[in-house]
$ cat data.tsv   # TSV, C-alpha atoms
chain	number	residue	atom	x	y	z
A	419	MET	CA	19.43	9.23	-7.77
A	420	LYS	CA	19.25	10.99	-11.13
A	421	LEU	CA	20.14	7.75	-12.89
A	422	TYR	CA	17.36	5.92	-11.04
A	423	LEU	CA	14.79	8.59	-11.95
A	424	LYS	CA	15.90	8.52	-15.59
A	425	TYR	CA	15.65	4.71	-15.67
A	426	PHE	CA	12.21	4.86	-14.03
A	427	GLN	CA	11.07	7.40	-16.62
A	428	ILE	CA	12.33	5.24	-19.48
A	429	HIS	CA	10.62	2.17	-17.99
A	430	LEU	CA	7.33	4.05	-17.61
A	431	HIS	CA	7.47	5.33	-21.19
A	432	SER	CA	8.20	1.85	-22.49
A	433	GLN	CA	5.26	0.40	-20.54
A	434	MET	CA	2.86	3.07	-21.79
A	435	GLN	CA	3.97	2.58	-25.41
A	436	TYR	CA	1.68	-0.45	-25.69
A	437	LYS	CA	-1.46	0.44	-23.74
A	438	VAL	CA	-3.26	-2.88	-24.30
A	439	SER	CA	-0.25	-4.80	-23.04
A	440	PHE	CA	-0.09	-2.51	-20.01
A	441	LEU	CA	-3.80	-3.11	-19.29
A	442	LEU	CA	-3.41	-6.88	-19.68
A	443	THR	CA	-0.44	-6.81	-17.30
A	444	ILE	CA	-2.54	-5.01	-14.69
A	445	ILE	CA	-5.37	-7.53	-15.12
A	446	GLY	CA	-2.94	-10.44	-14.88
A	447	GLN	CA	-1.39	-9.08	-11.69
A	448	PHE	CA	-4.86	-8.65	-10.17
A	449	ILE	CA	-5.86	-12.21	-11.07
A	450	LEU	CA	-2.60	-13.53	-9.59
A	451	SER	CA	-3.09	-11.67	-6.32
A	452	PHE	CA	-6.77	-12.54	-6.09
A	453	SER	CA	-6.13	-16.23	-6.71
A	454	ALA	CA	-3.54	-16.22	-3.90
A	455	PHE	CA	-6.15	-14.61	-1.64
A	456	LEU	CA	-8.66	-17.30	-2.61
A	457	GLU	CA	-6.12	-20.00	-1.75
A	458	ILE	CA	-5.75	-18.55	1.74
A	459	TYR	CA	-9.51	-18.19	2.10
A	460	PHE	CA	-10.22	-21.81	1.12
A	461	MET	CA	-7.40	-23.09	3.33
A	462	MET	CA	-8.74	-21.16	6.31
A	463	THR	CA	-12.34	-22.28	5.75
A	464	ARG	CA	-11.10	-25.87	5.82
A	465	PHE	CA	-8.74	-25.67	8.82
A	466	HIS	CA	-9.94	-22.47	10.66
A	467	THR	CA	-6.51	-21.89	12.21
A	468	VAL	CA	-2.97	-22.51	11.06
A	469	ASN	CA	-0.50	-22.91	13.91
A	470	ALA	CA	-2.84	-20.83	16.13
A	471	PHE	CA	-3.11	-17.99	13.57
A	472	THR	CA	-6.63	-16.86	12.69
A	473	PHE	CA	-7.84	-15.90	9.22
A	474	GLU	CA	-7.44	-12.18	9.94
A	475	GLU	CA	-3.84	-12.62	11.14
A	476	VAL	CA	-2.89	-14.70	8.11
A	477	LEU	CA	-4.60	-12.18	5.84
A	478	LEU	CA	-2.67	-9.31	7.44
A	479	CYS	CA	0.65	-11.10	6.83
A	480	PHE	CA	-0.42	-11.86	3.26
A	481	ALA	CA	-1.33	-8.21	2.64
A	482	ILE	CA	2.02	-6.96	3.98
A	483	VAL	CA	3.97	-9.38	1.80
A	484	MET	CA	1.91	-8.57	-1.30
A	485	LEU	CA	2.31	-4.82	-0.70
A	486	ALA	CA	6.08	-5.16	-0.34
A	487	PHE	CA	6.26	-7.26	-3.50
A	488	ALA	CA	4.10	-4.79	-5.46
A	489	LEU	CA	6.22	-1.83	-4.37
A	490	ALA	CA	9.41	-3.66	-5.29
A	491	GLU	CA	8.02	-4.58	-8.71
A	492	CYS	CA	6.83	-1.02	-9.27
A	493	PHE	CA	9.95	0.89	-8.31
A	494	VAL	CA	12.98	-1.38	-8.77
A	495	ARG	CA	11.97	-3.92	-11.39
A	496	GLY	CA	14.74	-4.63	-13.84
A	497	PHE	CA	17.62	-3.36	-11.74
A	498	ASP	CA	19.01	-6.88	-11.45
A	499	GLY	CA	19.77	-6.78	-15.17
A	500	PHE	CA	20.66	-3.10	-15.33
A	501	SER	CA	24.42	-3.71	-15.27
A	502	SER	CA	24.20	-6.09	-18.22
A	503	ILE	CA	22.24	-3.47	-20.17
A	504	LEU	CA	24.95	-0.92	-19.47
A	505	GLY	CA	27.57	-3.46	-20.58
A	506	MET	CA	25.76	-3.98	-23.87
A	507	VAL	CA	25.48	-0.23	-24.44
A	508	ASN	CA	29.17	0.13	-23.68
A	509	LEU	CA	29.99	-2.51	-26.33
A	510	ILE	CA	27.82	-0.83	-28.94
A	511	VAL	CA	29.21	2.67	-28.35
A	512	PHE	CA	32.86	1.67	-28.33
$ encode --input "data.tsv" --output "structure tokens"
Amino acid sequence: MKLYLKYFQIHLHSQMQYKVSFLLTIIGQFILSFSAFLEIYFMMTRFHTVNAFTFEEVLLCFAIVMLAFALAECFVRGFDGFSSILGMVNLIVF
């Protein structure tokens, strides 16, 4: 757990190093999520139901998926390449 917290701290410091880039990333993520919401809205105004699901039910599923994705991106982003980073550090040190 200490390694995770250290990696999270390093990631947060690296993101805050370039504040404009951080702000643009937040704006881009908002636009991406909002455009996906608009797609659902326009689809539901055209068809009213999708396989007997109403707009509210589809929107609830969409919100749950987007929340899970946002939490995963926030807390564990980059761990898929973490082992390769450690391998590169190991090569440099030795």
$ atom_distance --input "data.tsv" --atom1 "atom CA of Leu456 of chain A" --atom2 "atom CA of Phe471 of chain A"
17.1 Å
$ atom_distance --input "data.tsv" --atom1 "atom CA of Cys492 of chain A" --atom2 "atom CA of His429 of chain A"
10.0 Å
$ closest_residue --input "data.tsv" --among "A:Gln447, A:Ser432, A:Ala470, A:Tyr425" --to "Phe487 of chain A" --atoms "only C-alpha atoms"
A:Gln447
$ atom_distance --input "data.tsv" --atom1 "atom CA of Glu491 of chain A" --atom2 "atom CA of Gln433 of chain A"
13.1 Å
$ closest_residue --input "data.tsv" --among "A:Phe448, A:Phe465, A:Tyr422, A:Tyr436" --to "Met484 of chain A" --atoms "only C-alpha atoms"
A:Phe448
$ axis_aligned_box --input "data.tsv" --around "segment 474-493 of chain A" --padding-each-side "5 Å" --output "AutoDock Vina command-line options"
--center_x 1.3 --center_y -6.9 --center_z 0.9 --size_x 27.4 --size_y 25.6 --size_z 30.4
$ residues_around --input "data.tsv" --residues "Val476 of chain A" --least-positions-apart "4" --cutoff "12 Å" --atoms "all atoms listed in the file" --output "list in words"
Phe455, Glu457, Ile458, Tyr459, Met461, Met462, His466, Thr467, Val468, Asn469, Ala470, Phe471, Thr472, Phe480, Ala481, Ile482 and Val483 of chain A
